[in-house]
file query-v1.cif (mmCIF, C-alpha atoms)
data_model
#
loop_
_atom_site.label_atom_id
_atom_site.label_comp_id
_atom_site.auth_asym_id
_atom_site.auth_seq_id
_atom_site.Cartn_x
_atom_site.Cartn_y
_atom_site.Cartn_z
CA PHE Q 680 40.88 99.29 135.03
CA PHE Q 681 40.38 95.59 134.36
CA LEU Q 682 37.85 95.37 137.20
CA ASN Q 683 35.77 98.08 135.57
CA ILE Q 684 35.80 96.12 132.33
CA LEU Q 685 34.76 92.96 134.16
CA ARG Q 686 31.89 94.71 135.89
CA ARG Q 687 30.70 96.06 132.56
CA LYS Q 688 30.84 92.57 131.15
CA GLN Q 689 28.91 91.10 134.08
CA LYS Q 690 26.17 93.71 133.58
CA LYS Q 691 25.91 92.97 129.89
CA MET Q 692 22.63 91.06 130.18
CA ALA Q 693 20.95 93.76 132.24
CA ASN Q 694 22.38 96.68 130.35
CA PRO Q 695 23.94 95.53 127.05
CA THR Q 696 27.21 97.33 126.32
CA LYS Q 697 29.81 96.14 123.88
CA LEU Q 698 33.41 96.10 124.95
CA SER Q 699 35.87 97.76 122.63
CA SER Q 700 38.51 95.65 120.89
CA LYS Q 701 41.17 97.10 123.14
CA GLU Q 702 39.14 96.32 126.25
CA ARG Q 703 38.55 92.73 125.10
CA GLU Q 704 42.25 92.32 124.39
CA THR Q 705 43.11 93.70 127.84
CA MET Q 706 40.55 91.54 129.58
CA GLU Q 707 41.37 88.21 127.95
CA PRO Q 708 44.50 87.31 129.99
CA PHE Q 709 42.65 88.10 133.23
CA GLU Q 710 39.82 85.83 132.15
CA ASN Q 711 42.36 83.11 131.40
CA ILE Q 712 43.90 83.38 134.85
CA TYR Q 713 40.47 83.38 136.46
CA SER Q 714 39.62 80.21 134.55
CA ILE Q 715 42.92 78.55 135.48
CA ILE Q 716 42.38 79.23 139.19
CA ARG Q 717 38.86 77.83 139.09
CA THR Q 718 40.01 74.77 137.17
CA ILE Q 719 42.88 74.03 139.57
CA GLU Q 720 40.51 74.32 142.51
CA SER Q 721 38.14 71.81 140.90
CA LEU Q 722 41.07 69.53 140.06
CA GLU Q 723 42.25 69.62 143.69
CA TRP Q 724 38.74 68.75 144.86
CA CYS Q 725 38.64 65.70 142.56
CA TYR Q 726 42.16 64.61 143.53
CA THR Q 727 41.62 64.72 147.28
CA ARG Q 728 38.46 62.61 146.87
CA GLY Q 729 40.07 60.02 144.65
CA ILE Q 730 37.92 60.88 141.64
CA ILE Q 731 40.90 61.45 139.34
CA PRO Q 732 43.95 59.13 139.13
CA PRO Q 733 47.00 60.72 140.81
CA LYS Q 734 49.17 60.75 137.68
CA ASP Q 735 46.38 62.35 135.63
CA TYR Q 736 45.97 64.98 138.32
CA ASP Q 737 49.72 65.64 138.35
CA ARG Q 738 49.87 65.99 134.56
CA GLU Q 739 46.88 68.33 134.27
CA CYS Q 740 47.86 70.44 137.26
CA LYS Q 741 51.37 70.95 135.85
CA LYS Q 742 49.85 72.13 132.58
CA LEU Q 743 47.65 74.66 134.37
CA ILE Q 744 50.52 75.97 136.50
CA HIS Q 745 52.59 76.37 133.33
CA GLN Q 746 49.73 78.22 131.60
CA TYR Q 747 49.34 80.51 134.60
CA ASN Q 748 53.04 81.37 134.57
CA LEU Q 749 52.91 82.14 130.85
CA CYS Q 750 49.91 84.43 131.33
CA VAL Q 751 51.57 86.33 134.17
CA GLU Q 752 54.84 86.71 132.26
CA ASN Q 753 53.04 88.30 129.32
CA MET Q 754 50.99 90.74 131.40
CA GLN Q 755 52.03 94.25 132.34
CA ASN Q 756 49.30 95.08 134.82
CA PHE Q 757 49.01 91.89 136.88
CA PRO Q 758 48.47 92.94 140.52
CA GLY Q 759 49.76 89.71 142.07
CA LEU Q 760 47.96 86.45 142.75
CA GLU Q 761 46.59 87.31 146.18
CA ARG Q 762 45.26 90.70 145.09
CA PHE Q 763 43.84 89.23 141.89
CA MET Q 764 41.92 86.52 143.75
CA LYS Q 765 40.59 89.00 146.25
CA ASP Q 766 39.51 91.50 143.59
CA PHE Q 767 37.79 88.81 141.55
CA GLU Q 768 36.22 87.33 144.71
CA ILE Q 769 37.78 83.89 144.34
CA ASP Q 770 40.04 84.09 147.39
CA SER Q 771 38.15 81.07 148.77
CA CYS Q 772 40.10 78.92 146.28
CA LYS Q 773 42.77 78.13 148.88
CA SER Q 774 44.07 74.97 147.21
CA ALA Q 775 44.57 76.70 143.87
CA PHE Q 776 46.34 79.59 145.61
CA LYS Q 777 48.73 77.16 147.31
CA ARG Q 778 49.53 75.30 144.08
CA LEU Q 779 50.22 78.50 142.13
CA LYS Q 780 52.29 80.08 144.92
CA GLU Q 781 54.41 76.93 145.35
CA GLY Q 782 54.60 76.31 141.62
CA ARG Q 783 54.09 72.55 141.99
CA THR Q 784 51.32 69.98 142.27
CA GLY Q 785 50.28 68.09 145.37
CA TYR Q 786 51.19 64.73 143.86
CA GLN Q 787 53.51 62.70 146.11
CA GLY Q 788 53.96 59.46 144.22
CA GLU Q 789 51.28 57.53 146.06
CA ASP Q 790 50.54 55.31 143.06
CA VAL Q 791 54.15 54.33 142.43
CA ASP Q 792 54.47 50.70 141.35
CA LYS Q 793 54.70 48.47 144.43
CA ASN Q 794 57.55 46.58 142.76
CA ILE Q 795 59.53 49.83 142.77
CA ALA Q 796 58.79 50.26 146.47
CA GLY Q 797 60.07 46.76 147.14
CA MET Q 798 63.25 47.43 145.18
CA VAL Q 799 63.83 50.66 147.05
CA SER Q 800 63.37 48.88 150.37
CA ASP Q 801 65.86 46.19 149.32
CA ILE Q 802 68.49 48.73 148.21
CA VAL Q 803 68.22 50.78 151.39
CA SER Q 804 68.36 47.65 153.55
CA LYS Q 805 71.49 46.34 151.82
CA LEU Q 806 73.31 49.68 151.97
CA LEU Q 807 72.52 50.04 155.67
CA SER Q 808 73.68 46.47 156.34
CA LEU Q 809 76.97 47.22 154.59
CA LEU Q 810 77.42 50.41 156.60
CA ASP Q 811 76.72 48.53 159.83
CA LEU Q 812 79.26 45.86 158.91
CA LEU Q 813 81.94 48.44 158.17
CA SER Q 814 81.24 50.11 161.50
CA MET Q 815 81.80 46.85 163.43
CA ASP Q 816 85.48 46.51 162.54
CA TYR Q 817 85.08 43.67 160.04
CA LYS Q 818 88.08 43.62 157.71
CA SER Q 819 88.27 40.20 156.03
CA VAL Q 820 87.56 40.12 152.31
CA ASP Q 821 85.23 37.11 152.60
CA GLU Q 822 83.16 38.97 155.23
CA ILE Q 823 82.78 42.22 153.32
CA VAL Q 824 82.61 41.23 149.64
CA PRO Q 825 79.13 39.56 149.84
CA TYR Q 826 77.64 42.77 151.25
CA VAL Q 827 79.34 44.96 148.66
CA LYS Q 828 78.21 42.62 145.87
CA ASP Q 829 74.60 42.53 147.14
CA SER Q 830 74.47 46.32 147.41
CA TYR Q 831 75.93 46.79 143.94
CA TYR Q 832 73.61 44.39 142.10
CA SER Q 833 70.55 45.53 144.02
CA LEU Q 834 71.24 49.16 143.11
CA LYS Q 835 72.08 48.25 139.52
CA LYS Q 836 68.60 46.74 139.02
CA TYR Q 837 66.81 49.95 140.02
CA PRO Q 838 65.12 51.17 136.79
CA LYS Q 839 64.94 54.84 137.78
CA LEU Q 840 68.65 55.19 138.49
CA PRO Q 841 70.37 57.93 136.40
CA ASN Q 842 73.10 56.70 134.06
CA ASP Q 843 75.67 58.91 135.78
CA PHE Q 844 74.81 57.89 139.37
CA LYS Q 845 78.17 58.06 141.15
CA GLY Q 846 77.20 55.64 143.92
CA LEU Q 847 76.76 52.77 141.47
CA THR Q 848 80.13 53.49 139.85
CA ASN Q 849 81.85 53.44 143.25
CA LEU Q 850 80.17 50.20 144.31
CA GLU Q 851 81.15 48.59 141.00
CA LYS Q 852 84.76 49.67 141.58
CA TRP Q 853 84.85 48.23 145.10
CA ASN Q 854 83.14 45.02 144.04
CA LYS Q 855 85.73 44.46 141.32
CA THR Q 856 88.70 45.46 143.50
CA LEU Q 857 87.76 43.32 146.51
CA SER Q 858 86.69 40.33 144.43
CA GLU Q 859 90.22 40.12 143.02
CA LYS Q 860 91.68 39.65 146.51
CA LYS Q 861 92.02 36.37 148.38
CA ALA Q 862 89.21 35.52 150.77
CA SER Q 863 91.65 35.32 153.69
CA GLU Q 864 93.13 38.78 153.07
CA SER Q 865 92.36 41.67 155.35
CA ILE Q 866 91.40 45.06 153.98
CA GLN Q 867 93.59 47.95 155.08
CA GLU Q 868 92.12 50.40 157.57
CA GLU Q 869 92.53 53.24 155.08
CA ASP Q 870 90.53 51.31 152.47
CA ILE Q 871 87.81 50.43 154.99
CA ARG Q 872 87.47 54.08 155.87
CA GLN Q 873 87.24 55.11 152.20
CA LEU Q 874 84.75 52.34 151.42
CA LYS Q 875 82.54 53.37 154.32
CA PHE Q 876 82.69 57.00 153.22
CA GLU Q 877 81.66 56.15 149.65
CA VAL Q 878 78.86 53.80 150.75
CA GLN Q 879 77.47 56.51 153.04
CA GLU Q 880 77.74 58.97 150.15
CA CYS Q 881 75.86 56.51 147.93
CA TYR Q 882 73.15 56.03 150.56
CA ASP Q 883 72.64 59.78 150.98
CA ALA Q 884 72.56 60.38 147.22
CA PHE Q 885 70.04 57.57 146.74
CA ASN Q 886 67.74 59.09 149.36
CA GLN Q 887 67.95 62.46 147.62
CA LEU Q 888 67.09 60.72 144.37
CA LEU Q 889 64.01 59.14 145.96
CA GLN Q 890 62.83 62.53 147.17
CA SER Q 891 63.23 64.03 143.72
CA GLN Q 892 61.23 61.13 142.27
CA ALA Q 893 58.51 61.48 144.97
CA ILE Q 894 59.01 57.90 146.15
CA CYS Q 895 60.01 58.66 149.75
CA LEU Q 896 56.44 58.30 151.08
CA ILE Q 897 56.06 54.91 149.45
CA LEU Q 898 59.27 53.77 151.16
CA LEU Q 899 58.02 55.08 154.51
CA ASN Q 900 54.71 53.21 154.14
CA HIS Q 901 56.59 50.05 153.21
CA PHE Q 902 58.47 50.02 156.51
CA MET Q 903 55.44 50.89 158.66
#

call {"tool": "encode", "arguments": {"input": "query-v1.cif", "output": "structure tokens"}}
result
Amino acid sequence: FFLNILRRKQKKMANPTKLSSKERETMEPFENIYSIIRTIESLEWCYTRGIIPPKDYDRECKKLIHQYNLCVENMQNFPGLERFMKDFEIDSCKSAFKRLKEGRTGYQGEDVDKNIAGMVSDIVSKLLSLLDLLSMDYKSVDEIVPYVKDSYYSLKKYPKLPNDFKGLTNLEKWNKTLSEKKASESIQEEDIRQLKFEVQECYDAFNQLLQSQAICLILLNHFM
């Protein structure tokens, strides 16, 4: 039905025919989706060529994906994205199709502040050093506390850390507990095992956080 209306509209100049109010109302959401697909495709073209700043691309693309979802939700006769693009002869818009099917932009945090990347590298390095130390059978307080303290304060400085990040709370607890002991004391095997478990848990959670914040690629590039 909507294709027939579109064809009538396309022939308007050659054979003028007014669309009825009902036809215009039916056609409008399809026109909106058509426009959104075309716009996303153009946006992708600009993004991949560095014409538009990454964050601007991400913001605008998210808006368009949201608008598309709203249009589809409010339509009763939508045939599906693939069928729609084929029927309207815009199935060559592969990038737009991918964005709308995945429901997310192609932005991967490539313009993240380099200071953030350096902080991430420092946090990961300190957590790994602490894990290595705990795996090498070190048990003296004066050997372990400096690594726990460095990991804690490095993580604490990270500006994108959620307020309820459990790893920071655990490191703070261990830093306080171990700092109250004498330097010559040895940490019990049970405590070493628990500390190692919680540091590994913190490391894994921090990596998941980086992925959710699209900073993982920046970290990878930093180490290469």

call {"tool": "resolve_selection", "arguments": {"input": "query-v1.cif", "expression": "the PyMOL selection byres ((chain Q and resi 828-835) around 10)", "output": "MDAnalysis selection string"}}
result
chainID Q and resid 798:799 801:809 823:827 836:840 846:855 857:858 878 881 885

call {"tool": "write_last_selection", "arguments": {"input": "query-v1.cif", "atoms": "C-alpha atoms", "output": "PDB file, keeping the file's coordinate frame"}}
result
ATOM      1  CA  MET Q 798      63.250  47.430 145.180  1.00  0.00           C
ATOM      2  CA  VAL Q 799      63.830  50.660 147.050  1.00  0.00           C
ATOM      3  CA  ASP Q 801      65.860  46.190 149.320  1.00  0.00           C
ATOM      4  CA  ILE Q 802      68.490  48.730 148.210  1.00  0.00           C
ATOM      5  CA  VAL Q 803      68.220  50.780 151.390  1.00  0.00           C
ATOM      6  CA  SER Q 804      68.360  47.650 153.550  1.00  0.00           C
ATOM      7  CA  LYS Q 805      71.490  46.340 151.820  1.00  0.00           C
ATOM      8  CA  LEU Q 806      73.310  49.680 151.970  1.00  0.00           C
ATOM      9  CA  LEU Q 807      72.520  50.040 155.670  1.00  0.00           C
ATOM     10  CA  SER Q 808      73.680  46.470 156.340  1.00  0.00           C
ATOM     11  CA  LEU Q 809      76.970  47.220 154.590  1.00  0.00           C
ATOM     12  CA  ILE Q 823      82.780  42.220 153.320  1.00  0.00           C
ATOM     13  CA  VAL Q 824      82.610  41.230 149.640  1.00  0.00           C
ATOM     14  CA  PRO Q 825      79.130  39.560 149.840  1.00  0.00           C
ATOM     15  CA  TYR Q 826      77.640  42.770 151.250  1.00  0.00           C
ATOM     16  CA  VAL Q 827      79.340  44.960 148.660  1.00  0.00           C
ATOM     17  CA  LYS Q 836      68.600  46.740 139.020  1.00  0.00           C
ATOM     18  CA  TYR Q 837      66.810  49.950 140.020  1.00  0.00           C
ATOM     19  CA  PRO Q 838      65.120  51.170 136.790  1.00  0.00           C
ATOM     20  CA  LYS Q 839      64.940  54.840 137.780  1.00  0.00           C
ATOM     21  CA  LEU Q 840      68.650  55.190 138.490  1.00  0.00           C
ATOM     22  CA  GLY Q 846      77.200  55.640 143.920  1.00  0.00           C
ATOM     23  CA  LEU Q 847      76.760  52.770 141.470  1.00  0.00           C
ATOM     24  CA  THR Q 848      80.130  53.490 139.850  1.00  0.00           C
ATOM     25  CA  ASN Q 849      81.850  53.440 143.250  1.00  0.00           C
ATOM     26  CA  LEU Q 850      80.170  50.200 144.310  1.00  0.00           C
ATOM     27  CA  GLU Q 851      81.150  48.590 141.000  1.00  0.00           C
ATOM     28  CA  LYS Q 852      84.760  49.670 141.580  1.00  0.00           C
ATOM     29  CA  TRP Q 853      84.850  48.230 145.100  1.00  0.00           C
ATOM     30  CA  ASN Q 854      83.140  45.020 144.040  1.00  0.00           C
ATOM     31  CA  LYS Q 855      85.730  44.460 141.320  1.00  0.00           C
ATOM     32  CA  LEU Q 857      87.760  43.320 146.510  1.00  0.00           C
ATOM     33  CA  SER Q 858      86.690  40.330 144.430  1.00  0.00           C
ATOM     34  CA  VAL Q 878      78.860  53.800 150.750  1.00  0.00           C
ATOM     35  CA  CYS Q 881      75.860  56.510 147.930  1.00  0.00           C
ATOM     36  CA  PHE Q 885      70.040  57.570 146.740  1.00  0.00           C
TER      37      PHE Q 885
END

call {"tool": "atom_distance", "arguments": {"input": "query-v1.cif", "atom1": "atom CA of Q:Pro733", "atom2": "atom CA of Q:Gly785"}}
result
9.3 Å

call {"tool": "closest_residue", "arguments": {"input": "query-v1.cif", "among": "Q:Leu749, Q:Ile769, Q:Leu810, Q:Ile730", "to": "Q:Arg872", "atoms": "all atoms listed in the file"}}
result
Q:Leu810

call {"tool": "resolve_selection", "arguments": {"input": "query-v1.cif", "expression": "the PyMOL selection byres ((chain Q and resi 860-865) around 7)", "output": "mmCIF file with C-alpha atoms, in the frame of the given file"}}
result
data_model
loop_
_atom_site.group_PDB
_atom_site.id
_atom_site.type_symbol
_atom_site.label_atom_id
_atom_site.label_comp_id
_atom_site.auth_asym_id
_atom_site.auth_seq_id
_atom_site.Cartn_x
_atom_site.Cartn_y
_atom_site.Cartn_z
ATOM 1 C CA LYS Q 818 88.080 43.620 157.710
ATOM 2 C CA SER Q 819 88.270 40.200 156.030
ATOM 3 C CA VAL Q 820 87.560 40.120 152.310
ATOM 4 C CA ASP Q 821 85.230 37.110 152.600
ATOM 5 C CA LEU Q 857 87.760 43.320 146.510
ATOM 6 C CA SER Q 858 86.690 40.330 144.430
ATOM 7 C CA GLU Q 859 90.220 40.120 143.020
ATOM 8 C CA ILE Q 866 91.400 45.060 153.980
ATOM 9 C CA GLN Q 867 93.590 47.950 155.080
#

call {"tool": "atom_distance", "arguments": {"input": "query-v1.cif", "atom1": "atom CA of Q:Gly782", "atom2": "atom CA of Q:Leu888"}}
result
20.2 Å

call {"tool": "atom_distance", "arguments": {"input": "query-v1.cif", "atom1": "atom CA of Q:Asn748", "atom2": "atom CA of Q:Pro732"}}
result
24.5 Å

call {"tool": "closest_residue", "arguments": {"input": "query-v1.cif", "among": "Q:Asp770, Q:Lys765, Q:Phe757, Q:Arg778", "to": "Q:Glu723", "atoms": "all atoms listed in the file"}}
result
Q:Arg778

call {"tool": "closest_residue", "arguments": {"input": "query-v1.cif", "among": "Q:Asn753, Q:Thr727, Q:Thr718, Q:Gln746", "to": "Q:Tyr786", "atoms": "only C-alpha atoms"}}
result
Q:Thr727

call {"tool": "closest_residue", "arguments": {"input": "query-v1.cif", "among": "Q:Trp724, Q:Leu874, Q:Asp843, Q:Ala796", "to": "Q:Thr856", "atoms": "all atoms listed in the file"}}
result
Q:Leu874

call {"tool": "resolve_selection", "arguments": {"input": "query-v1.cif", "expression": "the PyMOL selection byres ((chain Q and resi 747) around 12)", "output": "MDAnalysis selection string"}}
result
chainID Q and resid 708:719 740:746 748:754 757 759:760 775:776 778:780 782:783

call {"tool": "closest_residue", "arguments": {"input": "query-v1.cif", "among": "Q:Pro758, Q:Leu813, Q:Ser771, Q:Pro841", "to": "Q:Glu877", "atoms": "only C-alpha atoms"}}
result
Q:Leu813
